$ cat entry-v5.pdb   # PDB, C-alpha atoms
ATOM      1  CA  MET T   1     104.445   6.579 247.093
ATOM      2  CA  SER T   2     102.994   4.667 250.003
ATOM      3  CA  GLU T   3     103.649   0.944 250.189
ATOM      4  CA  VAL T   4     101.039  -1.514 248.962
ATOM      5  CA  ARG T   5      99.971  -4.059 251.564
ATOM      6  CA  LEU T   6      99.717  -7.498 250.003
ATOM      7  CA  GLY T   7      98.174 -10.853 250.729
ATOM      8  CA  VAL T   8      99.188 -14.053 248.953
ATOM      9  CA  ILE T   9      96.596 -16.778 248.387
ATOM     10  CA  GLY T  10      98.389 -20.019 247.559
ATOM     11  CA  ALA T  11     101.940 -20.175 248.936
ATOM     12  CA  GLY T  12     103.166 -23.510 247.617
ATOM     13  CA  GLY T  13     104.841 -23.915 244.236
ATOM     14  CA  ILE T  14     104.763 -20.695 242.250
ATOM     15  CA  GLY T  15     103.283 -18.857 245.236
ATOM     16  CA  ASN T  16     106.641 -19.167 246.971
ATOM     17  CA  ALA T  17     108.287 -17.371 244.056
ATOM     18  CA  HIS T  18     105.831 -14.509 244.539
ATOM     19  CA  LEU T  19     106.669 -14.360 248.247
ATOM     20  CA  LYS T  20     110.348 -13.975 247.402
ATOM     21  CA  ALA T  21     109.527 -11.278 244.838
ATOM     22  CA  ILE T  22     107.635  -9.298 247.492
ATOM     23  CA  GLU T  23     110.716  -9.413 249.702
ATOM     24  CA  ARG T  24     112.821  -8.045 246.831
ATOM     25  CA  CYS T  25     110.280  -5.242 246.324
ATOM     26  CA  ALA T  26     110.166  -4.186 249.972
ATOM     27  CA  ASP T  27     110.569  -0.540 248.959
ATOM     28  CA  MET T  28     107.117  -0.666 247.351
ATOM     29  CA  ALA T  29     105.192  -3.445 249.092
ATOM     30  CA  ALA T  30     104.670  -5.147 252.424
ATOM     31  CA  LEU T  31     103.545  -8.740 252.898
ATOM     32  CA  ALA T  32     100.759  -8.801 255.493
ATOM     33  CA  ALA T  33      98.879 -12.104 255.129
ATOM     34  CA  VAL T  34      99.205 -15.499 253.468
ATOM     35  CA  CYS T  35      96.686 -18.262 252.875
ATOM     36  CA  ASP T  36      97.274 -21.909 252.035
ATOM     37  CA  VAL T  37      95.200 -25.016 252.648
ATOM     38  CA  ALA T  38      98.283 -27.079 253.549
ATOM     39  CA  ALA T  39      99.261 -26.916 257.216
ATOM     40  CA  ASP T  40     102.940 -27.563 256.485
ATOM     41  CA  VAL T  41     103.019 -24.644 254.037
ATOM     42  CA  ARG T  42     101.354 -22.358 256.586
ATOM     43  CA  LYS T  43     103.937 -23.377 259.178
ATOM     44  CA  ARG T  44     106.807 -22.712 256.789
ATOM     45  CA  VAL T  45     105.418 -19.325 255.814
ATOM     46  CA  ALA T  46     104.854 -18.259 259.417
ATOM     47  CA  GLN T  47     108.404 -19.247 260.355
ATOM     48  CA  THR T  48     110.036 -17.743 257.265
ATOM     49  CA  TRP T  49     108.055 -14.560 256.744
ATOM     50  CA  GLY T  50     106.577 -13.839 260.162
ATOM     51  CA  VAL T  51     103.141 -12.847 258.875
ATOM     52  CA  ASP T  52      99.564 -13.862 259.633
ATOM     53  CA  VAL T  53      98.618 -17.148 257.969
ATOM     54  CA  TYR T  54      95.195 -18.557 257.185
ATOM     55  CA  GLY T  55      93.716 -21.779 255.879
ATOM     56  CA  ASP T  56      90.697 -20.062 254.283
ATOM     57  CA  TYR T  57      91.161 -17.331 251.695
ATOM     58  CA  ARG T  58      87.975 -15.599 252.877
ATOM     59  CA  ASN T  59      89.775 -14.569 256.063
ATOM     60  CA  VAL T  60      92.394 -12.801 253.973
ATOM     61  CA  LEU T  61      89.771 -10.937 251.967
ATOM     62  CA  LYS T  62      88.030  -9.752 255.156
ATOM     63  CA  ARG T  63      91.070  -7.720 256.140
ATOM     64  CA  ASP T  64      90.596  -4.012 255.577
ATOM     65  CA  ASP T  65      94.328  -3.329 255.752
ATOM     66  CA  LEU T  66      95.113  -5.200 252.521
ATOM     67  CA  ASP T  67      95.242  -3.319 249.231
ATOM     68  CA  ALA T  68      95.847  -6.244 246.909
ATOM     69  CA  VAL T  69      96.262  -9.993 246.713
ATOM     70  CA  ILE T  70      98.337 -12.344 244.610
ATOM     71  CA  VAL T  71      96.362 -15.445 243.635
ATOM     72  CA  ALA T  72      98.562 -18.467 242.874
ATOM     73  CA  LEU T  73      96.169 -21.414 242.896
ATOM     74  CA  PRO T  74      95.189 -24.377 240.720
ATOM     75  CA  HIS T  75      93.266 -23.257 237.658
ATOM     76  CA  HIS T  76      89.866 -24.518 238.774
ATOM     77  CA  LEU T  77      90.012 -22.120 241.741
ATOM     78  CA  HIS T  78      90.886 -18.994 239.769
ATOM     79  CA  GLU T  79      87.338 -17.860 239.107
ATOM     80  CA  GLU T  80      86.037 -18.345 242.650
ATOM     81  CA  VAL T  81      88.928 -16.631 244.396
ATOM     82  CA  ALA T  82      89.634 -13.867 241.868
ATOM     83  CA  VAL T  83      85.975 -12.853 241.662
ATOM     84  CA  ALA T  84      85.702 -12.860 245.465
ATOM     85  CA  ALA T  85      88.865 -10.783 245.830
ATOM     86  CA  LEU T  86      87.725  -8.205 243.298
ATOM     87  CA  GLY T  87      84.322  -8.080 244.959
ATOM     88  CA  ALA T  88      86.050  -7.439 248.291
ATOM     89  CA  GLY T  89      87.734  -4.380 246.783
ATOM     90  CA  LYS T  90      91.198  -5.872 246.367
ATOM     91  CA  HIS T  91      93.469  -5.398 243.384
ATOM     92  CA  VAL T  92      94.482  -8.794 241.990
ATOM     93  CA  LEU T  93      97.642 -10.219 240.458
ATOM     94  CA  LEU T  94      96.416 -13.566 239.143
ATOM     95  CA  GLU T  95      98.838 -16.281 238.121
ATOM     96  CA  LYS T  96      98.464 -17.421 234.534
ATOM     97  CA  PRO T  97      96.393 -18.667 232.875
ATOM     98  CA  LEU T  98      93.447 -16.320 233.320
ATOM     99  CA  ALA T  99      91.126 -19.256 234.007
ATOM    100  CA  ARG T 100      90.476 -22.930 233.395
ATOM    101  CA  ASN T 101      88.364 -22.103 230.341
ATOM    102  CA  LEU T 102      86.973 -19.189 228.358
ATOM    103  CA  THR T 103      83.638 -18.995 230.185
ATOM    104  CA  GLU T 104      85.309 -18.714 233.572
ATOM    105  CA  GLY T 105      87.714 -16.153 232.142
ATOM    106  CA  GLU T 106      84.841 -14.024 230.897
ATOM    107  CA  ARG T 107      83.313 -13.986 234.371
ATOM    108  CA  ILE T 108      86.612 -12.954 235.969
ATOM    109  CA  VAL T 109      87.055 -10.081 233.519
ATOM    110  CA  ALA T 110      83.463  -8.957 234.052
ATOM    111  CA  ALA T 111      84.095  -8.911 237.813
ATOM    112  CA  ALA T 112      87.245  -6.843 237.325
ATOM    113  CA  LYS T 113      85.391  -4.264 235.255
ATOM    114  CA  ALA T 114      82.525  -4.105 237.742
ATOM    115  CA  SER T 115      84.909  -3.629 240.673
ATOM    116  CA  GLY T 116      87.049  -0.907 239.126
ATOM    117  CA  LYS T 117      90.111  -2.622 240.573
ATOM    118  CA  THR T 118      93.298  -3.672 238.825
ATOM    119  CA  LEU T 119      93.456  -7.206 237.455
ATOM    120  CA  LEU T 120      96.839  -8.226 236.055
ATOM    121  CA  VAL T 121      97.239 -11.763 234.766
ATOM    122  CA  GLY T 122     100.740 -13.058 235.377
ATOM    123  CA  GLY T 123     103.188 -14.128 232.709
ATOM    124  CA  GLN T 124     106.616 -12.778 233.548
ATOM    125  CA  SER T 125     108.176 -13.343 230.127
ATOM    126  CA  LYS T 126     106.822 -10.057 228.789
ATOM    127  CA  PHE T 127     108.892  -8.210 231.393
ATOM    128  CA  LEU T 128     112.177  -9.532 229.997
ATOM    129  CA  PRO T 129     114.346  -6.982 228.134
ATOM    130  CA  THR T 130     114.412  -9.055 224.944
ATOM    131  CA  LEU T 131     110.605  -9.250 224.811
ATOM    132  CA  GLN T 132     110.279  -5.561 225.652
ATOM    133  CA  ARG T 133     112.627  -4.645 222.806
ATOM    134  CA  ALA T 134     110.826  -7.031 220.451
ATOM    135  CA  LYS T 135     107.581  -5.201 221.194
ATOM    136  CA  GLU T 136     109.206  -1.883 220.291
ATOM    137  CA  LEU T 137     110.641  -3.231 217.043
ATOM    138  CA  VAL T 138     107.486  -4.978 215.849
ATOM    139  CA  SER T 139     105.357  -1.939 216.726
ATOM    140  CA  SER T 140     107.735   0.359 214.825
ATOM    141  CA  GLY T 141     107.025  -1.421 211.537
ATOM    142  CA  VAL T 142     110.715  -2.127 210.897
ATOM    143  CA  LEU T 143     109.837  -5.670 209.774
ATOM    144  CA  GLY T 144     107.307  -4.517 207.203
ATOM    145  CA  ASP T 145     104.385  -6.890 206.696
ATOM    146  CA  ILE T 146     104.847 -10.000 208.837
ATOM    147  CA  PHE T 147     103.999 -12.969 206.632
ATOM    148  CA  LEU T 148     105.307 -15.838 208.798
ATOM    149  CA  THR T 149     105.619 -16.284 212.554
ATOM    150  CA  ARG T 150     107.229 -19.287 214.273
ATOM    151  CA  GLY T 151     106.986 -20.055 217.977
ATOM    152  CA  THR T 152     108.578 -22.887 219.952
ATOM    153  CA  LEU T 153     108.383 -23.747 223.640
ATOM    154  CA  THR T 154     109.905 -27.011 224.843
ATOM    155  CA  TYR T 155     111.293 -28.017 228.205
ATOM    156  CA  ARG T 156     111.486 -31.028 230.494
ATOM    157  CA  TRP T 157     109.161 -30.797 233.507
ATOM    158  CA  GLU T 158     110.536 -33.517 235.760
ATOM    159  CA  PRO T 159     107.367 -34.199 237.845
ATOM    160  CA  ALA T 160     105.608 -35.339 234.683
ATOM    161  CA  LEU T 161     108.357 -37.838 233.960
ATOM    162  CA  ARG T 162     107.905 -39.186 237.512
ATOM    163  CA  ASN T 163     104.110 -39.411 237.098
ATOM    164  CA  GLN T 164     103.644 -36.558 239.568
ATOM    165  CA  PHE T 165     101.338 -34.363 237.525
ATOM    166  CA  GLY T 166      99.122 -33.622 240.531
ATOM    167  CA  TRP T 167      96.071 -31.513 239.715
ATOM    168  CA  ARG T 168      97.647 -30.444 236.435
ATOM    169  CA  GLY T 169      97.262 -33.961 235.062
ATOM    170  CA  CYS T 170      93.484 -33.836 235.470
ATOM    171  CA  LYS T 171      91.771 -31.871 232.705
ATOM    172  CA  ALA T 172      88.720 -31.240 234.884
ATOM    173  CA  LEU T 173      90.950 -29.279 237.277
ATOM    174  CA  SER T 174      93.566 -27.697 235.034
ATOM    175  CA  GLY T 175      91.767 -27.377 231.709
ATOM    176  CA  GLY T 176      94.882 -28.795 230.046
ATOM    177  CA  VAL T 177      98.606 -28.132 230.152
ATOM    178  CA  ALA T 178     100.505 -27.827 226.860
ATOM    179  CA  ILE T 179      98.231 -25.186 225.341
ATOM    180  CA  ILE T 180      96.665 -23.419 228.324
ATOM    181  CA  ASP T 181      99.369 -23.679 230.983
ATOM    182  CA  ALA T 182     102.861 -24.176 229.586
ATOM    183  CA  GLY T 183     101.740 -22.623 226.330
ATOM    184  CA  TRP T 184     100.402 -19.455 227.969
ATOM    185  CA  HIS T 185     103.890 -17.956 228.114
ATOM    186  CA  LEU T 186     104.449 -18.401 224.387
ATOM    187  CA  LEU T 187     100.911 -17.706 223.187
ATOM    188  CA  GLU T 188     100.517 -14.565 225.296
ATOM    189  CA  ALA T 189     103.776 -13.183 223.899
ATOM    190  CA  LEU T 190     102.697 -14.140 220.388
ATOM    191  CA  VAL T 191      99.381 -12.298 220.729
ATOM    192  CA  TRP T 192     101.107  -9.315 222.363
ATOM    193  CA  LEU T 193     103.661  -8.984 219.579
ATOM    194  CA  ARG T 194     101.795 -10.176 216.479
ATOM    195  CA  GLY T 195      98.137  -9.735 217.355
ATOM    196  CA  LEU T 196      95.297 -12.210 217.525
ATOM    197  CA  PRO T 197      94.921 -14.679 214.638
ATOM    198  CA  GLN T 198      91.527 -15.102 213.018
ATOM    199  CA  SER T 199      91.607 -18.912 213.107
ATOM    200  CA  VAL T 200      93.651 -21.820 214.428
ATOM    201  CA  LEU T 201      94.139 -25.456 213.489
ATOM    202  CA  ALA T 202      95.552 -27.431 216.413
ATOM    203  CA  ILE T 203      96.592 -31.015 217.061
ATOM    204  CA  THR T 204      97.629 -32.573 220.353
ATOM    205  CA  GLY T 205      98.020 -36.194 219.223
ATOM    206  CA  ALA T 206      96.881 -39.450 220.761
ATOM    207  CA  MET T 207     100.356 -40.766 221.614
ATOM    208  CA  LYS T 208     101.401 -40.247 225.223
ATOM    209  CA  ALA T 209     104.799 -38.650 225.673
ATOM    210  CA  VAL T 210     104.961 -40.309 229.112
ATOM    211  CA  PRO T 211     103.341 -43.706 228.366
ATOM    212  CA  LYS T 212     103.136 -45.122 231.886
ATOM    213  CA  ALA T 213     101.935 -41.938 233.590
ATOM    214  CA  ASP T 214      98.346 -41.297 234.644
ATOM    215  CA  TYR T 215      97.046 -38.079 233.061
ATOM    216  CA  ASP T 216      94.400 -36.969 230.605
ATOM    217  CA  VAL T 217      95.801 -33.602 229.531
ATOM    218  CA  ASP T 218      97.656 -32.478 226.427
ATOM    219  CA  ASP T 219     101.393 -33.087 226.766
ATOM    220  CA  LYS T 220     102.269 -31.565 223.364
ATOM    221  CA  ALA T 221     100.577 -29.379 220.797
ATOM    222  CA  ALA T 222     101.128 -27.932 217.354
ATOM    223  CA  LEU T 223      99.120 -24.900 216.249
ATOM    224  CA  LEU T 224      98.749 -23.444 212.759
ATOM    225  CA  LEU T 225      97.614 -19.832 212.877
ATOM    226  CA  SER T 226      95.948 -17.753 210.175
ATOM    227  CA  TYR T 227      95.837 -13.944 210.356
ATOM    228  CA  ALA T 228      93.387 -11.545 208.768
ATOM    229  CA  ASP T 229      96.228  -9.777 206.921
ATOM    230  CA  GLY T 230      97.152 -12.995 205.091
ATOM    231  CA  GLY T 231     100.054 -13.989 207.308
ATOM    232  CA  ILE T 232     100.416 -17.407 208.893
ATOM    233  CA  GLY T 233     102.146 -18.743 211.969
ATOM    234  CA  THR T 234     103.011 -21.842 213.961
ATOM    235  CA  ALA T 235     103.405 -22.662 217.631
ATOM    236  CA  VAL T 236     104.912 -25.957 218.843
ATOM    237  CA  ILE T 237     104.756 -26.718 222.561
ATOM    238  CA  SER T 238     105.789 -29.597 224.842
ATOM    239  CA  TYR T 239     106.844 -29.692 228.481
ATOM    240  CA  VAL T 240     108.221 -33.257 228.554
ATOM    241  CA  THR T 241     111.249 -33.061 226.281
ATOM    242  CA  LEU T 242     114.618 -31.452 225.667
ATOM    243  CA  PRO T 243     116.240 -29.212 224.612
ATOM    244  CA  ASN T 244     114.876 -26.260 226.550
ATOM    245  CA  GLU T 245     113.743 -23.735 223.972
ATOM    246  CA  TRP T 246     111.678 -20.540 224.146
ATOM    247  CA  ARG T 247     111.758 -18.832 220.779
ATOM    248  CA  LEU T 248     109.690 -16.559 218.548
ATOM    249  CA  VAL T 249     110.720 -15.667 214.996
ATOM    250  CA  PHE T 250     108.954 -13.045 212.899
ATOM    251  CA  HIS T 251     109.559 -12.948 209.142
ATOM    252  CA  GLY T 252     108.556  -9.702 207.450
ATOM    253  CA  THR T 253     108.856  -8.103 204.044
ATOM    254  CA  LYS T 254     111.565  -5.732 205.339
ATOM    255  CA  GLY T 255     113.343  -7.885 207.893
ATOM    256  CA  ALA T 256     113.266 -10.729 210.376
ATOM    257  CA  LEU T 257     113.367 -10.834 214.145
ATOM    258  CA  GLU T 258     114.355 -13.715 216.418
ATOM    259  CA  VAL T 259     113.691 -13.375 220.134
ATOM    260  CA  THR T 260     114.342 -15.727 223.027
ATOM    261  CA  THR T 261     114.253 -15.029 226.750
ATOM    262  CA  GLU T 262     118.003 -14.356 226.598
ATOM    263  CA  ARG T 263     118.789 -12.914 223.166
ATOM    264  CA  LEU T 264     117.310 -10.823 220.367
ATOM    265  CA  THR T 265     118.528 -10.577 216.771
ATOM    266  CA  LEU T 266     117.155  -8.282 214.066
ATOM    267  CA  TRP T 267     117.971  -8.826 210.383
ATOM    268  CA  GLN T 268     117.364  -6.285 207.641
ATOM    269  CA  GLY T 269     118.110  -7.900 204.331
ATOM    270  CA  PRO T 270     121.012 -10.323 204.780
ATOM    271  CA  GLU T 271     122.657  -8.159 207.447
ATOM    272  CA  ILE T 272     122.254  -8.251 211.224
ATOM    273  CA  ALA T 273     121.021  -4.802 212.177
ATOM    274  CA  GLU T 274     120.743  -5.244 215.931
ATOM    275  CA  THR T 275     121.478  -7.737 218.676
ATOM    276  CA  LEU T 276     120.613  -7.670 222.352
ATOM    277  CA  THR T 277     122.012 -10.007 224.985
ATOM    278  CA  PRO T 278     121.075  -8.464 228.335
ATOM    279  CA  GLU T 279     122.211  -9.476 231.784
ATOM    280  CA  PRO T 280     119.921 -11.994 233.534
ATOM    281  CA  THR T 281     116.722 -10.258 234.625
ATOM    282  CA  ASP T 282     114.532 -10.825 237.676
ATOM    283  CA  ALA T 283     111.286 -10.960 235.727
ATOM    284  CA  PHE T 284     109.153 -11.903 238.746
ATOM    285  CA  SER T 285     110.181  -8.736 240.560
ATOM    286  CA  ALA T 286     109.734  -6.651 237.410
ATOM    287  CA  GLN T 287     106.222  -8.040 237.032
ATOM    288  CA  LEU T 288     105.375  -7.272 240.656
ATOM    289  CA  ARG T 289     106.793  -3.749 240.453
ATOM    290  CA  HIS T 290     104.659  -3.118 237.390
ATOM    291  CA  PHE T 291     101.560  -4.396 239.184
ATOM    292  CA  LEU T 292     102.288  -2.176 242.179
ATOM    293  CA  GLY T 293     102.805   0.804 239.885
ATOM    294  CA  VAL T 294      99.429   0.198 238.252
ATOM    295  CA  VAL T 295      97.762  -0.163 241.653
ATOM    296  CA  GLN T 296      99.263   3.171 242.687
ATOM    297  CA  ALA T 297      98.140   4.759 239.397
ATOM    298  CA  VAL T 298     101.671   5.709 238.343
ATOM    299  CA  GLU T 299     101.880   3.187 235.471
ATOM    300  CA  ARG T 300      99.560   2.094 232.704
ATOM    301  CA  PRO T 301      98.995  -1.672 232.575
ATOM    302  CA  ILE T 302     101.163  -3.462 230.038
ATOM    303  CA  ARG T 303      98.267  -5.863 229.427
ATOM    304  CA  THR T 304      94.594  -5.413 230.287
ATOM    305  CA  PRO T 305      92.003  -7.987 231.384
ATOM    306  CA  ASP T 306      90.592  -7.870 227.841
ATOM    307  CA  ASP T 307      94.059  -8.738 226.509
ATOM    308  CA  ALA T 308      94.174 -11.786 228.781
ATOM    309  CA  LEU T 309      90.712 -12.736 227.578
ATOM    310  CA  ALA T 310      91.940 -12.530 223.974
ATOM    311  CA  VAL T 311      94.635 -15.104 224.779
ATOM    312  CA  MET T 312      91.903 -17.283 226.296
ATOM    313  CA  ARG T 313      89.928 -17.024 223.050
ATOM    314  CA  LEU T 314      92.930 -18.357 221.150
ATOM    315  CA  ILE T 315      93.368 -21.176 223.678
ATOM    316  CA  ASP T 316      89.670 -22.040 223.548
ATOM    317  CA  ALA T 317      89.701 -22.176 219.754
ATOM    318  CA  ALA T 318      92.843 -24.341 219.812
ATOM    319  CA  TYR T 319      91.241 -26.910 222.100
ATOM    320  CA  ARG T 320      88.051 -26.911 220.025
ATOM    321  CA  SER T 321      90.154 -27.516 216.949
ATOM    322  CA  ALA T 322      92.114 -30.343 218.567
ATOM    323  CA  GLU T 323      88.857 -32.045 219.548
ATOM    324  CA  SER T 324      87.133 -31.596 216.173
ATOM    325  CA  GLY T 325      90.106 -31.951 213.846
ATOM    326  CA  LEU T 326      88.955 -28.796 212.076
ATOM    327  CA  SER T 327      90.190 -25.226 211.933
ATOM    328  CA  GLN T 328      88.299 -22.975 214.347
ATOM    329  CA  LYS T 329      87.622 -19.257 214.188
ATOM    330  CA  LEU T 330      88.292 -17.149 217.235
TER     331      LEU T 330
END
$ encode --input "entry-v5.pdb" --output "structure tokens"
Amino acid sequence: MSEVRLGVIGAGGIGNAHLKAIERCADMAALAAVCDVAADVRKRVAQTWGVDVYGDYRNVLKRDDLDAVIVALPHHLHEEVAVAALGAGKHVLLEKPLARNLTEGERIVAAAKASGKTLLVGGQSKFLPTLQRAKELVSSGVLGDIFLTRGTLTYRWEPALRNQFGWRGCKALSGGVAIIDAGWHLLEALVWLRGLPQSVLAITGAMKAVPKADYDVDDKAALLLSYADGGIGTAVISYVTLPNEWRLVFHGTKGALEVTTERLTLWQGPEIAETLTPEPTDAFSAQLRHFLGVVQAVERPIRTPDDALAVMRLIDAAYRSAESGLSQKL
């Protein structure tokens, strides 16, 4: 296979993690160009990676020698840049979430379909061995009918505690945080493993978890999910508290399955039928290798643009529910 020549648009924050992943995947990809609006970031990238740097993403997209771009930008820029990249004939790995809202997400997916290029929405958790095995087990039917699903995602994001939310703390820019941003990791995995619920009742609460901080986004959320098959589920999310917990539990008529990012346990009856505690996994590199494989047409995408849009439909319904106080259909 020939190497895929990559550009990275947005090199601060999570973009830096993508740059490091490209270096670890040097057998499949080559970093050729980077864009960031911050001069200090451009200087750091030029010194560290020795590649062409730009302050305007359009200059990256003009390059004919690039096969694909990684877009790691604030949410309000996702639509503009992703649509432009797809229109320029580039494959796109887009950092989660798909977009700031459902409407923008629909336009991104439409652009991907019109372009015929690969669009993979990031979310590295699904590339962890425990999540991969959970997918196999749930798909096999070993749990029987799943009647109850429980999801929890809590962690302590220190910038929020220091009132350094940045653009994330402004709903007009981010679209929210607990449900759409932090919650993407949990909700995407939930939809991937259990399927899309038919309705959701969500609350985000009026109490501020960081009382003296300046933000207007959701800092916590609780979702009650209803499925067409009669099952129910919950998802509880907050990024300003301890302990750190990423957990999904599926209760079925034939067994139960608990999965975290580090461990999987399967029960059948009262007995433990299987456990999995893998070595630490470089999920960022696994995600990038998968994207490169799809670009080179040697792998089928683990998740499609329509799958990402389905997660956005759940997120959209959850925010509508939180605003109205009523259950919302997807």
$ closest_residue --input "entry-v5.pdb" --among "T:Gly293, T:Thr304, T:Thr260, T:Ala221" --to "Ala322 of chain T" --atoms "all atoms listed in the file"
T:Ala221
$ closest_residue --input "entry-v5.pdb" --among "T:Gly176, T:Pro129, T:Gly12, T:Gly151" --to "Pro280 of chain T" --atoms "only C-alpha atoms"
T:Pro129
$ closest_residue --input "entry-v5.pdb" --among "T:Val295, T:Ala286, T:Val311, T:Val41" --to "Leu186 of chain T" --atoms "all atoms listed in the file"
T:Val311
$ residues_around --input "entry-v5.pdb" --residues "Thr154 of chain T" --least-positions-apart "6" --cutoff "12 Å" --atoms "only C-alpha atoms" --output "JSON, numbers by chain"
{"T": [178, 179, 182, 183, 185, 186, 219, 220, 221, 222, 235, 236, 237, 238, 239, 240, 241, 242, 243, 244, 245, 246, 247]}
$ closest_residue --input "entry-v5.pdb" --among "T:Ser226, T:Ser199, T:Asn59, T:Asn163" --to "Ile146 of chain T" --atoms "all atoms listed in the file"
T:Ser226
$ atom_distance --input "entry-v5.pdb" --atom1 "atom CA of Leu77 of chain T" --atom2 "atom CA of Leu153 of chain T"
25.8 Å
$ atom_distance --input "entry-v5.pdb" --atom1 "atom CA of Ala17 of chain T" --atom2 "atom CA of Ala283 of chain T"
10.9 Å
$ closest_residue --input "entry-v5.pdb" --among "T:Ala11, T:Leu276, T:Thr152, T:Tyr227" --to "Arg44 of chain T" --atoms "all atoms listed in the file"
T:Ala11
$ resolve_selection --input "entry-v5.pdb" --expression "the PyMOL selection byres ((chain T and resi 84) around 12)" --output "ChimeraX atom specification"
/T:9,57-62,69,71,77-83,85-92,107-108,111-112,115
$ residues_around --input "entry-v5.pdb" --residues "segment 138-141 of chain T" --least-positions-apart "5" --cutoff "12 Å" --atoms "all atoms listed in the file" --output "JSON list (two decimals) with C-alpha atoms, in the coordinates of the input"
[["chain", "number", "residue", "atom", "x", "y", "z"],
["T", 131, "LEU", "CA", 110.60, -9.25, 224.81],
["T", 132, "GLN", "CA", 110.28, -5.56, 225.65],
["T", 133, "ARG", "CA", 112.63, -4.64, 222.81],
["T", 146, "ILE", "CA", 104.85, -10.00, 208.84],
["T", 149, "THR", "CA", 105.62, -16.28, 212.55],
["T", 190, "LEU", "CA", 102.70, -14.14, 220.39],
["T", 191, "VAL", "CA", 99.38, -12.30, 220.73],
["T", 192, "TRP", "CA", 101.11, -9.32, 222.36],
["T", 193, "LEU", "CA", 103.66, -8.98, 219.58],
["T", 194, "ARG", "CA", 101.80, -10.18, 216.48],
["T", 195, "GLY", "CA", 98.14, -9.74, 217.36],
["T", 249, "VAL", "CA", 110.72, -15.67, 215.00],
["T", 250, "PHE", "CA", 108.95, -13.04, 212.90],
["T", 251, "HIS", "CA", 109.56, -12.95, 209.14],
["T", 252, "GLY", "CA", 108.56, -9.70, 207.45],
["T", 253, "THR", "CA", 108.86, -8.10, 204.04],
["T", 254, "LYS", "CA", 111.56, -5.73, 205.34],
["T", 255, "GLY", "CA", 113.34, -7.88, 207.89],
["T", 256, "ALA", "CA", 113.27, -10.73, 210.38],
["T", 257, "LEU", "CA", 113.37, -10.83, 214.14],
["T", 258, "GLU", "CA", 114.36, -13.72, 216.42],
["T", 259, "VAL", "CA", 113.69, -13.38, 220.13],
["T", 266, "LEU", "CA", 117.16, -8.28, 214.07]]
$ closest_residue --input "entry-v5.pdb" --among "T:Gln268, T:Phe147, T:Ser285, T:Gly10" --to "Ile232 of chain T" --atoms "all atoms listed in the file"
T:Phe147
